[in-house]
>>> print(open('target.pdb').read())   # PDB, C-alpha atoms
ATOM      1  CA  MET A  16       9.843   0.340  29.500  1.00  0.00           C
ATOM      2  CA  PHE A  17      12.251  -1.253  27.029  1.00  0.00           C
ATOM      3  CA  TYR A  18      11.575  -3.927  24.420  1.00  0.00           C
ATOM      4  CA  THR A  19      13.904  -6.299  22.606  1.00  0.00           C
ATOM      5  CA  VAL A  20      13.989  -6.621  18.829  1.00  0.00           C
ATOM      6  CA  GLY A  21      11.772  -9.714  19.055  1.00  0.00           C
ATOM      7  CA  GLU A  22       9.218  -8.060  21.321  1.00  0.00           C
ATOM      8  CA  THR A  23       9.131  -4.946  19.150  1.00  0.00           C
ATOM      9  CA  ALA A  24       8.763  -6.987  15.977  1.00  0.00           C
ATOM     10  CA  LYS A  25       5.873  -8.907  17.508  1.00  0.00           C
ATOM     11  CA  LYS A  26       4.117  -5.696  18.589  1.00  0.00           C
ATOM     12  CA  LEU A  27       4.472  -4.253  15.064  1.00  0.00           C
ATOM     13  CA  ASN A  28       3.670  -7.545  13.328  1.00  0.00           C
ATOM     14  CA  ILE A  29       6.898  -7.454  11.321  1.00  0.00           C
ATOM     15  CA  SER A  30       9.941  -9.687  11.377  1.00  0.00           C
ATOM     16  CA  ALA A  31      12.867  -9.144  13.711  1.00  0.00           C
ATOM     17  CA  SER A  32      15.142  -9.328  10.673  1.00  0.00           C
ATOM     18  CA  ALA A  33      13.239  -6.373   9.153  1.00  0.00           C
ATOM     19  CA  LEU A  34      14.016  -4.301  12.262  1.00  0.00           C
ATOM     20  CA  ARG A  35      17.662  -5.307  12.109  1.00  0.00           C
ATOM     21  CA  TYR A  36      17.743  -4.382   8.420  1.00  0.00           C
ATOM     22  CA  TYR A  37      16.173  -0.986   9.138  1.00  0.00           C
ATOM     23  CA  ASP A  38      18.840  -0.369  11.757  1.00  0.00           C
ATOM     24  CA  LYS A  39      21.609  -1.452   9.387  1.00  0.00           C
ATOM     25  CA  GLU A  40      20.253   0.967   6.745  1.00  0.00           C
ATOM     26  CA  GLY A  41      20.261   3.863   9.223  1.00  0.00           C
ATOM     27  CA  LEU A  42      16.506   4.132   9.702  1.00  0.00           C
ATOM     28  CA  LEU A  43      16.678   3.737  13.479  1.00  0.00           C
ATOM     29  CA  PRO A  44      19.141   6.335  14.750  1.00  0.00           C
ATOM     30  CA  PHE A  45      16.941   6.826  17.807  1.00  0.00           C
ATOM     31  CA  VAL A  46      17.236   3.242  19.094  1.00  0.00           C
ATOM     32  CA  GLU A  47      19.298   2.794  22.222  1.00  0.00           C
ATOM     33  CA  ARG A  48      21.672  -0.097  22.794  1.00  0.00           C
ATOM     34  CA  THR A  49      22.843  -1.861  25.890  1.00  0.00           C
ATOM     35  CA  ASN A  50      26.539  -1.961  26.743  1.00  0.00           C
ATOM     36  CA  GLY A  51      26.575  -5.321  24.974  1.00  0.00           C
ATOM     37  CA  GLY A  52      25.187  -3.770  21.781  1.00  0.00           C
ATOM     38  CA  ILE A  53      21.670  -5.192  22.055  1.00  0.00           C
ATOM     39  CA  ARG A  54      19.017  -2.927  20.565  1.00  0.00           C
ATOM     40  CA  MET A  55      16.463  -1.770  23.101  1.00  0.00           C
ATOM     41  CA  PHE A  56      13.291  -0.069  21.927  1.00  0.00           C
ATOM     42  CA  LYS A  57      11.257   2.215  24.146  1.00  0.00           C
ATOM     43  CA  ASP A  58       7.595   3.184  23.913  1.00  0.00           C
ATOM     44  CA  SER A  59       8.412   6.474  22.187  1.00  0.00           C
ATOM     45  CA  ASP A  60      10.202   4.565  19.374  1.00  0.00           C
ATOM     46  CA  PHE A  61       6.945   2.995  18.239  1.00  0.00           C
ATOM     47  CA  GLU A  62       5.726   6.207  16.629  1.00  0.00           C
ATOM     48  CA  TRP A  63       8.895   6.326  14.489  1.00  0.00           C
ATOM     49  CA  LEU A  64       8.591   2.655  13.662  1.00  0.00           C
ATOM     50  CA  SER A  65       4.945   3.122  12.698  1.00  0.00           C
ATOM     51  CA  VAL A  66       5.879   5.977  10.370  1.00  0.00           C
ATOM     52  CA  ILE A  67       8.623   3.846   8.786  1.00  0.00           C
ATOM     53  CA  GLU A  68       6.187   0.967   8.253  1.00  0.00           C
ATOM     54  CA  CYS A  69       3.578   3.358   6.839  1.00  0.00           C
ATOM     55  CA  LEU A  70       6.044   4.849   4.358  1.00  0.00           C
ATOM     56  CA  LYS A  71       7.247   1.389   3.409  1.00  0.00           C
ATOM     57  CA  LYS A  72       3.663   0.282   2.724  1.00  0.00           C
ATOM     58  CA  THR A  73       3.250   3.244   0.363  1.00  0.00           C
ATOM     59  CA  GLY A  74       6.042   1.796  -1.755  1.00  0.00           C
ATOM     60  CA  MET A  75       8.662   4.294  -0.652  1.00  0.00           C
ATOM     61  CA  SER A  76      12.210   3.029  -0.990  1.00  0.00           C
ATOM     62  CA  ILE A  77      14.435   2.481   2.048  1.00  0.00           C
ATOM     63  CA  LYS A  78      16.734   5.174   0.645  1.00  0.00           C
ATOM     64  CA  ASP A  79      13.890   7.716   0.569  1.00  0.00           C
ATOM     65  CA  ILE A  80      12.713   6.712   4.051  1.00  0.00           C
ATOM     66  CA  LYS A  81      16.277   7.303   5.265  1.00  0.00           C
ATOM     67  CA  THR A  82      16.238  10.736   3.642  1.00  0.00           C
ATOM     68  CA  PHE A  83      12.960  11.501   5.409  1.00  0.00           C
ATOM     69  CA  ILE A  84      14.393  10.404   8.769  1.00  0.00           C
ATOM     70  CA  ASP A  85      17.507  12.475   8.150  1.00  0.00           C
ATOM     71  CA  TRP A  86      15.319  15.493   7.421  1.00  0.00           C
ATOM     72  CA  CYS A  87      13.422  14.888  10.660  1.00  0.00           C
ATOM     73  CA  SER A  88      16.742  14.826  12.520  1.00  0.00           C
ATOM     74  CA  GLU A  89      17.774  18.118  10.905  1.00  0.00           C
ATOM     75  CA  GLY A  90      14.836  19.902  12.512  1.00  0.00           C
ATOM     76  CA  ASP A  91      12.441  22.603  11.427  1.00  0.00           C
ATOM     77  CA  SER A  92      14.463  23.728   8.424  1.00  0.00           C
ATOM     78  CA  THR A  93      13.257  20.640   6.537  1.00  0.00           C
ATOM     79  CA  ILE A  94       9.544  20.823   7.331  1.00  0.00           C
ATOM     80  CA  GLU A  95       8.643  21.834   3.768  1.00  0.00           C
ATOM     81  CA  LYS A  96      10.724  18.984   2.289  1.00  0.00           C
ATOM     82  CA  ARG A  97       9.028  16.506   4.605  1.00  0.00           C
ATOM     83  CA  LEU A  98       5.586  17.852   3.741  1.00  0.00           C
ATOM     84  CA  ASN A  99       6.338  17.603   0.013  1.00  0.00           C
ATOM     85  CA  LEU A 100       7.488  14.007   0.405  1.00  0.00           C
ATOM     86  CA  ILE A 101       4.394  13.088   2.431  1.00  0.00           C
ATOM     87  CA  ASN A 102       2.131  14.786  -0.131  1.00  0.00           C
ATOM     88  CA  SER A 103       3.825  12.877  -2.942  1.00  0.00           C
ATOM     89  CA  GLN A 104       3.351   9.543  -1.177  1.00  0.00           C
ATOM     90  CA  ARG A 105      -0.234  10.483  -0.355  1.00  0.00           C
ATOM     91  CA  GLU A 106      -0.929  11.076  -4.058  1.00  0.00           C
ATOM     92  CA  ASN A 107       0.635   7.701  -4.871  1.00  0.00           C
ATOM     93  CA  VAL A 108      -1.644   5.997  -2.350  1.00  0.00           C
ATOM     94  CA  ILE A 109      -4.727   7.812  -3.670  1.00  0.00           C
ATOM     95  CA  ASN A 110      -3.860   6.610  -7.191  1.00  0.00           C
ATOM     96  CA  GLU A 111      -3.321   3.058  -5.956  1.00  0.00           C
ATOM     97  CA  ILE A 112      -6.675   3.109  -4.159  1.00  0.00           C
ATOM     98  CA  LYS A 113      -8.351   4.332  -7.349  1.00  0.00           C
ATOM     99  CA  GLN A 114      -6.741   1.508  -9.330  1.00  0.00           C
ATOM    100  CA  LEU A 115      -7.701  -1.052  -6.695  1.00  0.00           C
ATOM    101  CA  ASN A 116     -11.296   0.225  -6.687  1.00  0.00           C
ATOM    102  CA  GLU A 117     -11.444  -0.155 -10.463  1.00  0.00           C
ATOM    103  CA  THR A 118     -10.054  -3.671 -10.116  1.00  0.00           C
ATOM    104  CA  LEU A 119     -12.660  -4.490  -7.484  1.00  0.00           C
ATOM    105  CA  GLU A 120     -15.416  -3.119  -9.735  1.00  0.00           C
ATOM    106  CA  MET A 121     -14.243  -5.408 -12.535  1.00  0.00           C
ATOM    107  CA  LEU A 122     -14.171  -8.395 -10.188  1.00  0.00           C
ATOM    108  CA  GLU A 123     -17.697  -7.574  -9.008  1.00  0.00           C
ATOM    109  CA  PHE A 124     -18.864  -7.381 -12.633  1.00  0.00           C
ATOM    110  CA  LYS A 125     -17.227 -10.709 -13.482  1.00  0.00           C
ATOM    111  CA  LYS A 126     -18.723 -12.256 -10.335  1.00  0.00           C
ATOM    112  CA  TRP A 127     -22.170 -11.182 -11.518  1.00  0.00           C
ATOM    113  CA  TYR A 128     -21.356 -12.381 -15.039  1.00  0.00           C
ATOM    114  CA  TYR A 129     -20.394 -15.885 -13.903  1.00  0.00           C
ATOM    115  CA  GLU A 130     -23.152 -16.178 -11.318  1.00  0.00           C
ATOM    116  CA  THR A 131     -25.762 -15.433 -13.986  1.00  0.00           C
ATOM    117  CA  SER A 132     -23.962 -17.767 -16.418  1.00  0.00           C
ATOM    118  CA  LEU A 133     -23.984 -20.539 -13.830  1.00  0.00           C
ATOM    119  CA  GLN A 134     -27.700 -20.055 -13.195  1.00  0.00           C
ATOM    120  CA  ALA A 135     -28.370 -20.225 -16.941  1.00  0.00           C
ATOM    121  CA  GLY A 136     -25.946 -23.094 -17.444  1.00  0.00           C
ATOM    122  CA  THR A 137     -23.986 -21.199 -20.119  1.00  0.00           C
ATOM    123  CA  CYS A 138     -21.959 -18.039 -20.681  1.00  0.00           C
ATOM    124  CA  SER A 139     -23.719 -17.569 -24.006  1.00  0.00           C
ATOM    125  CA  ILE A 140     -26.556 -15.932 -22.079  1.00  0.00           C
ATOM    126  CA  HIS A 141     -24.439 -12.787 -22.312  1.00  0.00           C
ATOM    127  CA  ASP A 142     -23.683 -12.983 -26.049  1.00  0.00           C
ATOM    128  CA  ASN A 143     -26.314 -10.474 -27.177  1.00  0.00           C
ATOM    129  CA  GLU A 144     -26.413  -8.460 -23.997  1.00  0.00           C
ATOM    130  CA  LYS A 145     -26.954  -4.734 -24.211  1.00  0.00           C
ATOM    131  CA  ILE A 146     -25.640  -2.206 -21.696  1.00  0.00           C
ATOM    132  CA  GLN A 147     -29.140  -1.775 -20.247  1.00  0.00           C
ATOM    133  CA  ASP A 148     -29.265  -5.530 -19.502  1.00  0.00           C
ATOM    134  CA  ILE A 149     -26.323  -5.202 -17.142  1.00  0.00           C
ATOM    135  CA  PRO A 150     -27.087  -4.103 -13.574  1.00  0.00           C
ATOM    136  CA  GLU A 151     -26.290  -0.421 -13.162  1.00  0.00           C
ATOM    137  CA  GLU A 152     -23.609  -1.047 -10.530  1.00  0.00           C
ATOM    138  CA  HIS A 153     -21.621  -3.115 -13.076  1.00  0.00           C
ATOM    139  CA  ARG A 154     -21.990  -0.966 -16.189  1.00  0.00           C
ATOM    140  CA  LEU A 155     -18.891   1.164 -15.642  1.00  0.00           C
ATOM    141  CA  ALA A 156     -16.671  -1.917 -15.286  1.00  0.00           C
ATOM    142  CA  TYR A 157     -18.282  -3.425 -18.378  1.00  0.00           C
ATOM    143  CA  GLN A 158     -17.639  -0.220 -20.350  1.00  0.00           C
ATOM    144  CA  ARG A 159     -14.029  -0.050 -19.149  1.00  0.00           C
ATOM    145  CA  ALA A 160     -13.488  -3.642 -20.245  1.00  0.00           C
ATOM    146  CA  LYS A 161     -14.923  -2.912 -23.681  1.00  0.00           C
ATOM    147  CA  GLU A 162     -12.819   0.243 -24.036  1.00  0.00           C
ATOM    148  CA  TYR A 163      -9.696  -1.617 -22.975  1.00  0.00           C
ATOM    149  CA  PHE A 164     -10.396  -4.424 -25.420  1.00  0.00           C
ATOM    150  CA  TYR A 165     -10.946  -2.087 -28.364  1.00  0.00           C
ATOM    151  CA  THR A 166      -7.972   0.125 -27.430  1.00  0.00           C
ATOM    152  CA  SER A 167      -5.665  -2.894 -27.034  1.00  0.00           C
ATOM    153  CA  GLU A 168      -6.941  -4.461 -30.253  1.00  0.00           C
ATOM    154  CA  ASN A 169      -6.136  -1.322 -32.252  1.00  0.00           C
ATOM    155  CA  ASN A 170      -2.581  -0.908 -30.916  1.00  0.00           C
TER     156      ASN A 170
END
>>> encode(input="target.pdb", output="structure tokens")
Amino acid sequence: MFYTVGETAKKLNISASALRYYDKEGLLPFVERTNGGIRMFKDSDFEWLSVIECLKKTGMSIKDIKTFIDWCSEGDSTIEKRLNLINSQRENVINEIKQLNETLEMLEFKKWYYETSLQAGTCSIHDNEKIQDIPEEHRLAYQRAKEYFYTSENN
């Protein structure tokens, strides 16, 4: 079965213009065209498109995605290069997840902070707070905030 750019975009939840841009940048060498030049995607193209979208979501540049696709087209001689690139992006994603988890921990701490302040009617309830007064699940975020404040203040 074949799909138009619009149908493919809808299935992938991306814009048709993004697909056209990918094609223009050489990311879709596998896509067939009708005699009139209309792009026609087949079911087997969706795996490629999913990989492209995945790499894009990792922050990989279009240029690097093109390099990856070129390596795939070159065959088995580039397996190690492809693996290295995937491992590098994987590490980037792991680091991003770690940063996002730390951000979420801080937001959870501040949520607790303001909920308890609201209940007390004032933020000053926290003025003389000791680390043991803070719920255990929020202590790490509290400590990170203090460390950041003192590190930033001294720079």
>>> atom_distance(input="target.pdb", atom1="CA of Pro44 in chain A", atom2="CA of Leu64 in chain A")
11.2 Å
>>> residues_around(input="target.pdb", residues="range 78-85 of chain A", least_positions_apart="6", cutoff="8 Å", atoms="all atoms listed in the file", output="list in words")
Glu40, Gly41, Leu42, Ile67, Leu70, Lys71, Arg97 and Leu100 of chain A
>>> residues_around(input="target.pdb", residues="Phe17 in chain A", least_positions_apart="3", cutoff="9 Å", atoms="all atoms listed in the file", output="list in words")
Met55, Phe56, Lys57 and Asp58 of chain A
>>> residues_near_point(input="target.pdb", point="(-16.0, 0.2, -15.5)", cutoff="7 Å", atoms="all atoms listed in the file", output="JSON, numbers by chain")
{"A": [117, 120, 121, 153, 154, 155, 156, 157, 158, 159, 160]}
>>> write_last_selection(input="target.pdb", atoms="C-alpha atoms", output="PDB file, keeping the file's coordinate frame")
ATOM      1  CA  GLU A 117     -11.444  -0.155 -10.463  1.00  0.00           C
ATOM      2  CA  GLU A 120     -15.416  -3.119  -9.735  1.00  0.00           C
ATOM      3  CA  MET A 121     -14.243  -5.408 -12.535  1.00  0.00           C
ATOM      4  CA  HIS A 153     -21.621  -3.115 -13.076  1.00  0.00           C
ATOM      5  CA  ARG A 154     -21.990  -0.966 -16.189  1.00  0.00           C
ATOM      6  CA  LEU A 155     -18.891   1.164 -15.642  1.00  0.00           C
ATOM      7  CA  ALA A 156     -16.671  -1.917 -15.286  1.00  0.00           C
ATOM      8  CA  TYR A 157     -18.282  -3.425 -18.378  1.00  0.00           C
ATOM      9  CA  GLN A 158     -17.639  -0.220 -20.350  1.00  0.00           C
ATOM     10  CA  ARG A 159     -14.029  -0.050 -19.149  1.00  0.00           C
ATOM     11  CA  ALA A 160     -13.488  -3.642 -20.245  1.00  0.00           C
TER      12      ALA A 160
END
>>> residues_around(input="target.pdb", residues="Glu22 in chain A", least_positions_apart="3", cutoff="12 Å", atoms="all atoms listed in the file", output="compact mmCIF listing (two decimals) with C-alpha atoms, in the coordinates of the input")
# COMPACT_ATOMS: atom_id res chain seq x y z
CA MET A 16 9.84 0.34 29.50
CA PHE A 17 12.25 -1.25 27.03
CA TYR A 18 11.58 -3.93 24.42
CA THR A 19 13.90 -6.30 22.61
CA LYS A 25 5.87 -8.91 17.51
CA LYS A 26 4.12 -5.70 18.59
CA LEU A 27 4.47 -4.25 15.06
CA ASN A 28 3.67 -7.54 13.33
CA ILE A 29 6.90 -7.45 11.32
CA SER A 30 9.94 -9.69 11.38
CA ALA A 31 12.87 -9.14 13.71
CA LEU A 34 14.02 -4.30 12.26
CA ARG A 54 19.02 -2.93 20.56
CA MET A 55 16.46 -1.77 23.10
CA PHE A 56 13.29 -0.07 21.93
CA LYS A 57 11.26 2.22 24.15
CA ASP A 58 7.60 3.18 23.91
CA PHE A 61 6.94 3.00 18.24
>>> closest_residue(input="target.pdb", among="A:Cys69, A:Lys161, A:Glu89, A:Asp148", to="Val108 in chain A", atoms="only C-alpha atoms")
A:Cys69
